[in-house]
Amino acid sequence: MEKINKFLVSDWFTVLLLVAAVGVVFSGCEIIGTVAFVLIFGITMALTDNWMPLLQIIMFTTCFAIRCKNSFSTFLGYWWVVPIMVALVICHFVRFKAHFSGGTCFKGILATSVAVTLGGVGIISAKEYFSYTSLFYIFMLGFGMLIIYSYMSASLEAKDSYSYAEKFSKMMVCVICLLAVCLFEEYFSNRAQFADGFEILPFQWRNNAATMLMLAMPFAFYLSNKDFGLFFIGILDYILILFTGSRGGMLFGILELILCIIVMFILDKRHRPAIAAIVGVSLVVTALTYETWIDTLSYTLLRLIDPNENSIRLQLIPRGIEDFKANPIFGRGIGYMGNRDVHKSADFALCWYHCSPIQIIGSFGITGIAAYGYLIYLRIKTLLKNFTFFNVIMFLSYIGLELMSLVNPGIFAPFPYLFLITLYFVMMEKSNNSEDKKVLPRIMRGEKR
């Protein structure tokens with residue numbers, strides 16, 4: 001078991017997962033690949049109580065699973081995976097007893113759990129509140145995530161054998177590389193469409209790809225302090241976002257990129273001249289080639305300024321305000337489907353407002369505003385209380401998701417987004433060993449790690 005655990009946290013395991021994921025992408029077998037990776041997750045969970053290899057499986061699976069468009073009925077055909085996974089999860093908890101503990105954000109997640117559970121009380125119909133879709137989201141956005149937070153708070157701890165910061169950051173850089181492969185395969189397989197010139201492709205999974213890339217972007221900059229060549233991976237990340245065709249990614253990705261570069265310029269004293277030079281050269285090159293970029297990105301830019309393309313999201317803003325007024329204390333509830341005349345949501349999906357502030361006030365009312373405001377306060381407090389270089393990077397990643405949540409479900413998607421953000425704030429408290437805490441003072445003095 002010692003050898004197995006050593007292998008699961010090694011770079012070899014990461015490489016094997018990455019190669020397998022690339023194989024799934026190029027074979028076009030994303031559904032079978034997702035099922036296979038889920039089984040690998042279960043087997044790994046039965047073998048170890050270390051969450052780092054499990055996180056790698058989750059993140060790599062997400063990269064290609066987002067390409068499975070309208071596949072719910074197909075996945076139902078793999079129902080037999082469920083009892084196998086249940087057995088493997090039980091095996092994990094038999095071998096490794098479950099423990100639970102609180103953390104700085106516990107009360108905030110408890111408050112949001114109450115707000116989500118009470119959302120719509122007094123106004124939502126029983127059919128909407130107790131639908132399978134509604135109950136799933138009520139639980140997973142609420143007390144289910146509280147249980148996960150408490151469990152991870154007790155399970156995660158700093159490892160002397162390796163740095164969580166290094167390992168987690170490498171995993172996120174691999175996510176960038178895997179999504180680059182996914183984008184390449186998408187464009188290469190549709191190359192016949194470029195007979196009249198290159199253009200951005202309108203594929204369905206663009207917003208999820210852009211969101212994943214925004215989550216991963218800051219970690220390339222974290223590793224660049226040790227290997228400065230990875231600074232360019234952070235810049236490449238935004239270029240990949242542009243090729244997703246996501247309007248939110250284009251707008252908020254550049255804000256995140258600028259924020260990452262500013263933070264690195266402030267904190268990484270040793271590389272300040274190089275960062276300044278890269279920024280200067282990038283601005284000059286962009287100025288000289290802006291017409292080419294405008295032509296290439298015309299599809300995204302035209303959708304960005306076309307009122308018809310933005311009508312659904314714009315109409316949902318006043319709807320959310322109306323829903324708040326209809327039930328100010330508890331809102332309409334997360335399962336409310338009264339706005340489907342504006343946004344025809346897919347089967348087994350909620351009727352999202354596609355804007356987190358509107359989602360909070362429309363679905364949970366004043367209770368939600370107070371609860372989510374309190375949680376944000378505790379998240380900021382967690383960072384300030386545990387102010388390390390890696391924690392700053394995780395907070396930048398969190399900001400990236402919050403920005404994308406202004407135009408997408410974002411933080412209201414339990415997996416992987418809310419789960420990952422919840423994990424960030426556990427890691428801020430639990431996963432920093434003594435060496436990680438010394439990194440920030442060193443780099444601010446211009447020293448190597």
# chains A, B, ... in the order shown; residues from 1 in each chain; ligands from 1
call {"tool": "closest_atom_pairs", "arguments": {"of": "segment 364-400 of chain A", "to": "segment 339-356 of chain A", "cutoff": "12 Å", "atoms": "only C-alpha atoms", "output": "Markdown table"}}
result
| residue | atom | partner | partner_atom | distance |
| --- | --- | --- | --- | --- |
| A:Phe364 | CA | A:Ser356 | CA | 11.4 |
| A:Gly368 | CA | A:Ser356 | CA | 11.2 |
| A:Ile369 | CA | A:Ser356 | CA | 10.8 |
| A:Tyr372 | CA | A:Ser356 | CA | 10.3 |
call {"tool": "residues_around", "arguments": {"residues": "segment 228-244 of chain A", "least_positions_apart": "4", "cutoff": "10 Å", "atoms": "only C-alpha atoms", "output": "ChimeraX atom specification"}}
result
/A:173,176-177,179-180,183-184,186-187,199-214,216-224,248-254,256-258,260-261,264,271,274-275,278,282,293,296-297,300
call {"tool": "residues_around", "arguments": {"residues": "Ile148 of chain A", "least_positions_apart": "4", "cutoff": "9 Å", "atoms": "only C-alpha atoms", "output": "PDB file with N, CA, C and O atoms, in the first residue's frame"}}
result
ATOM      1  N   PHE A 100     -14.986  14.754  10.583  1.00  0.00           N
ATOM      2  CA  PHE A 100     -15.517  16.040  10.167  1.00  0.00           C
ATOM      3  C   PHE A 100     -15.052  17.117  11.137  1.00  0.00           C
ATOM      4  O   PHE A 100     -14.917  16.872  12.337  1.00  0.00           O
ATOM      5  N   PHE A 143     -26.569  21.879   2.099  1.00  0.00           N
ATOM      6  CA  PHE A 143     -26.007  21.046   3.159  1.00  0.00           C
ATOM      7  C   PHE A 143     -25.068  19.965   2.627  1.00  0.00           C
ATOM      8  O   PHE A 143     -24.171  19.517   3.351  1.00  0.00           O
ATOM      9  N   GLY A 144     -25.265  19.549   1.384  1.00  0.00           N
ATOM     10  CA  GLY A 144     -24.324  18.600   0.789  1.00  0.00           C
ATOM     11  C   GLY A 144     -22.931  19.187   0.703  1.00  0.00           C
ATOM     12  O   GLY A 144     -21.929  18.518   1.028  1.00  0.00           O
ATOM     13  N   MET A 152     -13.642  17.523   4.072  1.00  0.00           N
ATOM     14  CA  MET A 152     -12.344  17.898   3.519  1.00  0.00           C
ATOM     15  C   MET A 152     -11.509  18.648   4.549  1.00  0.00           C
ATOM     16  O   MET A 152     -10.280  18.533   4.562  1.00  0.00           O
ATOM     17  N   SER A 153     -12.139  19.408   5.425  1.00  0.00           N
ATOM     18  CA  SER A 153     -11.405  20.121   6.476  1.00  0.00           C
ATOM     19  C   SER A 153     -10.697  19.146   7.404  1.00  0.00           C
ATOM     20  O   SER A 153      -9.603  19.424   7.913  1.00  0.00           O
ATOM     21  N   PHE A 419     -17.578  22.885  -5.904  1.00  0.00           N
ATOM     22  CA  PHE A 419     -16.746  21.935  -5.159  1.00  0.00           C
ATOM     23  C   PHE A 419     -15.298  22.412  -5.117  1.00  0.00           C
ATOM     24  O   PHE A 419     -14.652  22.389  -4.061  1.00  0.00           O
ATOM     25  N   THR A 422     -14.933  25.504  -2.910  1.00  0.00           N
ATOM     26  CA  THR A 422     -15.024  25.083  -1.509  1.00  0.00           C
ATOM     27  C   THR A 422     -13.710  24.480  -1.055  1.00  0.00           C
ATOM     28  O   THR A 422     -13.223  24.759   0.051  1.00  0.00           O
ATOM     29  N   LEU A 423     -13.119  23.677  -1.926  1.00  0.00           N
ATOM     30  CA  LEU A 423     -11.827  23.057  -1.615  1.00  0.00           C
ATOM     31  C   LEU A 423     -10.720  24.094  -1.459  1.00  0.00           C
ATOM     32  O   LEU A 423      -9.844  23.951  -0.597  1.00  0.00           O
TER      33      LEU A 423
END
call {"tool": "atom_distance", "arguments": {"atom1": "atom CA of Gly23 of chain A", "atom2": "atom CA of Thr48 of chain A"}}
result
25.6 Å
call {"tool": "residues_around", "arguments": {"residues": "Thr74 of chain A", "least_positions_apart": "4", "cutoff": "9 Å", "atoms": "only C-alpha atoms", "output": "list of chain:residue names"}}
result
A:Ile31, A:Asn70, A:Tyr78
call {"tool": "closest_residue", "arguments": {"among": "A:Gly245, A:Gly333, A:Gly320, A:Pro414", "to": "Phe136 of chain A", "atoms": "only C-alpha atoms"}}
result
A:Pro414
call {"tool": "atom_distance", "arguments": {"atom1": "atom CA of Ser113 of chain A", "atom2": "atom CA of Tyr137 of chain A"}}
result
10.8 Å
call {"tool": "select_by_dssp", "arguments": {"residues": "segment 32-102 of chain A", "states": "alpha helix (DSSP H)", "output": "ChimeraX atom specification"}}
result
/A:32-47,51-65,72-76,81-95
call {"tool": "closest_residue", "arguments": {"among": "A:Phe265, A:Val439, A:Thr104, A:Cys182", "to": "Ile66 of chain A", "atoms": "only C-alpha atoms"}}
result
A:Cys182
call {"tool": "residues_around", "arguments": {"residues": "segment 393-396 of chain A", "least_positions_apart": "2", "cutoff": "7 Å", "atoms": "only C-alpha atoms", "output": "list of chain:residue names"}}
result
A:Pro218, A:Phe219, A:Tyr222, A:Phe389, A:Phe390, A:Asn391, A:Tyr398, A:Ile399, A:Gly400, A:Tyr424
call {"tool": "residues_around", "arguments": {"residues": "Ala98 of chain A", "least_positions_apart": "6", "cutoff": "9 Å", "atoms": "only C-alpha atoms", "output": "JSON, numbers by chain"}}
result
{"A": [151, 154, 155]}
call {"tool": "write_last_selection", "arguments": {"atoms": "all heavy atoms", "output": "mmCIF file, in the first residue's frame"}}
result
data_model
loop_
_atom_site.group_PDB
_atom_site.id
_atom_site.type_symbol
_atom_site.label_atom_id
_atom_site.label_comp_id
_atom_site.auth_asym_id
_atom_site.auth_seq_id
_atom_site.Cartn_x
_atom_site.Cartn_y
_atom_site.Cartn_z
ATOM 1 N N TYR A 151 -15.905 17.491 5.781
ATOM 2 C CA TYR A 151 -15.108 16.280 5.565
ATOM 3 C C TYR A 151 -13.714 16.626 5.056
ATOM 4 O O TYR A 151 -12.710 16.095 5.547
ATOM 5 C CB TYR A 151 -15.825 15.358 4.579
ATOM 6 C CG TYR A 151 -14.988 14.180 4.147
ATOM 7 C CD1 TYR A 151 -14.681 13.153 5.039
ATOM 8 C CD2 TYR A 151 -14.492 14.102 2.850
ATOM 9 C CE1 TYR A 151 -13.895 12.071 4.650
ATOM 10 C CE2 TYR A 151 -13.706 13.027 2.447
ATOM 11 C CZ TYR A 151 -13.412 12.018 3.352
ATOM 12 O OH TYR A 151 -12.630 10.957 2.956
ATOM 13 N N ALA A 154 -11.333 17.990 7.617
ATOM 14 C CA ALA A 154 -10.731 16.982 8.486
ATOM 15 C C ALA A 154 -9.761 16.076 7.727
ATOM 16 O O ALA A 154 -8.843 15.505 8.323
ATOM 17 C CB ALA A 154 -11.823 16.123 9.124
ATOM 18 N N SER A 155 -9.948 15.955 6.398
ATOM 19 C CA SER A 155 -9.156 15.007 5.605
ATOM 20 C C SER A 155 -7.887 15.609 5.043
ATOM 21 O O SER A 155 -6.859 14.922 4.936
ATOM 22 C CB SER A 155 -10.006 14.451 4.445
ATOM 23 O OG SER A 155 -11.157 13.818 4.932
#
call {"tool": "closest_residue", "arguments": {"among": "A:Pro416, A:Gly338, A:Gly362, A:Gly102", "to": "Ile317 of chain A", "atoms": "only C-alpha atoms"}}
result
A:Gly362
call {"tool": "atom_distance", "arguments": {"atom1": "atom CA of Ala21 of chain A", "atom2": "atom CA of Val175 of chain A"}}
result
10.4 Å
call {"tool": "residues_around", "arguments": {"residues": "Leu267 of chain A", "least_positions_apart": "2", "cutoff": "10 Å", "atoms": "only C-alpha atoms", "output": "list in words"}}
result
Asn225, Ile261, Ile262, Val263, Met264, Phe265, Lys269, Arg270, His271, Arg272, Phe389, Leu440, Pro441, Arg442, Ile443, Met444, Arg445 and Gly446 of chain A
call {"tool": "decode", "arguments": {"residues": "segment 15-32 of chain A", "atoms": "N, CA, C and O atoms", "output": "tab-separated table (two decimals), in the first residue's frame"}}
result
chain	number	residue	atom	x	y	z
A	15	VAL	N	0.94	11.77	-15.52
A	15	VAL	CA	1.21	11.59	-16.95
A	15	VAL	C	0.30	10.52	-17.55
A	15	VAL	O	-0.26	10.70	-18.64
A	16	LEU	N	0.12	9.41	-16.84
A	16	LEU	CA	-0.74	8.34	-17.33
A	16	LEU	C	-2.18	8.82	-17.50
A	16	LEU	O	-2.84	8.52	-18.51
A	17	LEU	N	-2.68	9.57	-16.53
A	17	LEU	CA	-4.04	10.13	-16.63
A	17	LEU	C	-4.14	11.07	-17.81
A	17	LEU	O	-5.13	11.05	-18.56
A	18	LEU	N	-3.12	11.91	-17.98
A	18	LEU	CA	-3.13	12.90	-19.06
A	18	LEU	C	-3.12	12.21	-20.42
A	18	LEU	O	-3.87	12.59	-21.33
A	19	VAL	N	-2.28	11.20	-20.57
A	19	VAL	CA	-2.21	10.46	-21.84
A	19	VAL	C	-3.54	9.77	-22.13
A	19	VAL	O	-4.03	9.79	-23.27
A	20	ALA	N	-4.13	9.17	-21.10
A	20	ALA	CA	-5.42	8.50	-21.27
A	20	ALA	C	-6.50	9.51	-21.68
A	20	ALA	O	-7.34	9.23	-22.55
A	21	ALA	N	-6.48	10.69	-21.06
A	21	ALA	CA	-7.46	11.72	-21.38
A	21	ALA	C	-7.30	12.21	-22.81
A	21	ALA	O	-8.29	12.43	-23.52
A	22	VAL	N	-6.06	12.39	-23.26
A	22	VAL	CA	-5.80	12.79	-24.65
A	22	VAL	C	-6.32	11.72	-25.60
A	22	VAL	O	-6.91	12.03	-26.65
A	23	GLY	N	-6.13	10.45	-25.24
A	23	GLY	CA	-6.65	9.36	-26.06
A	23	GLY	C	-8.16	9.40	-26.17
A	23	GLY	O	-8.72	9.16	-27.25
A	24	VAL	N	-8.83	9.73	-25.07
A	24	VAL	CA	-10.29	9.85	-25.08
A	24	VAL	C	-10.72	10.96	-26.04
A	24	VAL	O	-11.65	10.79	-26.84
A	25	VAL	N	-10.03	12.08	-26.00
A	25	VAL	CA	-10.39	13.24	-26.84
A	25	VAL	C	-10.24	12.91	-28.32
A	25	VAL	O	-11.15	13.15	-29.12
A	26	PHE	N	-9.12	12.32	-28.70
A	26	PHE	CA	-8.87	12.06	-30.12
A	26	PHE	C	-9.67	10.87	-30.64
A	26	PHE	O	-9.89	10.76	-31.84
A	27	SER	N	-10.11	9.99	-29.75
A	27	SER	CA	-10.93	8.87	-30.19
A	27	SER	C	-12.41	9.25	-30.31
A	27	SER	O	-13.19	8.53	-30.92
A	28	GLY	N	-12.77	10.41	-29.71
A	28	GLY	CA	-14.16	10.84	-29.74
A	28	GLY	C	-15.05	10.03	-28.83
A	28	GLY	O	-16.28	10.05	-28.98
A	29	CYS	N	-14.46	9.33	-27.87
A	29	CYS	CA	-15.23	8.45	-26.96
A	29	CYS	C	-15.38	9.10	-25.59
A	29	CYS	O	-15.06	8.50	-24.56
A	30	GLU	N	-15.87	10.34	-25.57
A	30	GLU	CA	-15.96	11.08	-24.31
A	30	GLU	C	-16.91	10.42	-23.30
A	30	GLU	O	-16.65	10.45	-22.09
A	31	ILE	N	-17.99	9.84	-23.78
A	31	ILE	CA	-18.95	9.23	-22.85
A	31	ILE	C	-18.34	7.99	-22.20
A	31	ILE	O	-18.35	7.85	-20.97
A	32	ILE	N	-17.79	7.09	-23.02
A	32	ILE	CA	-17.13	5.90	-22.47
A	32	ILE	C	-15.93	6.32	-21.61
A	32	ILE	O	-15.68	5.74	-20.55
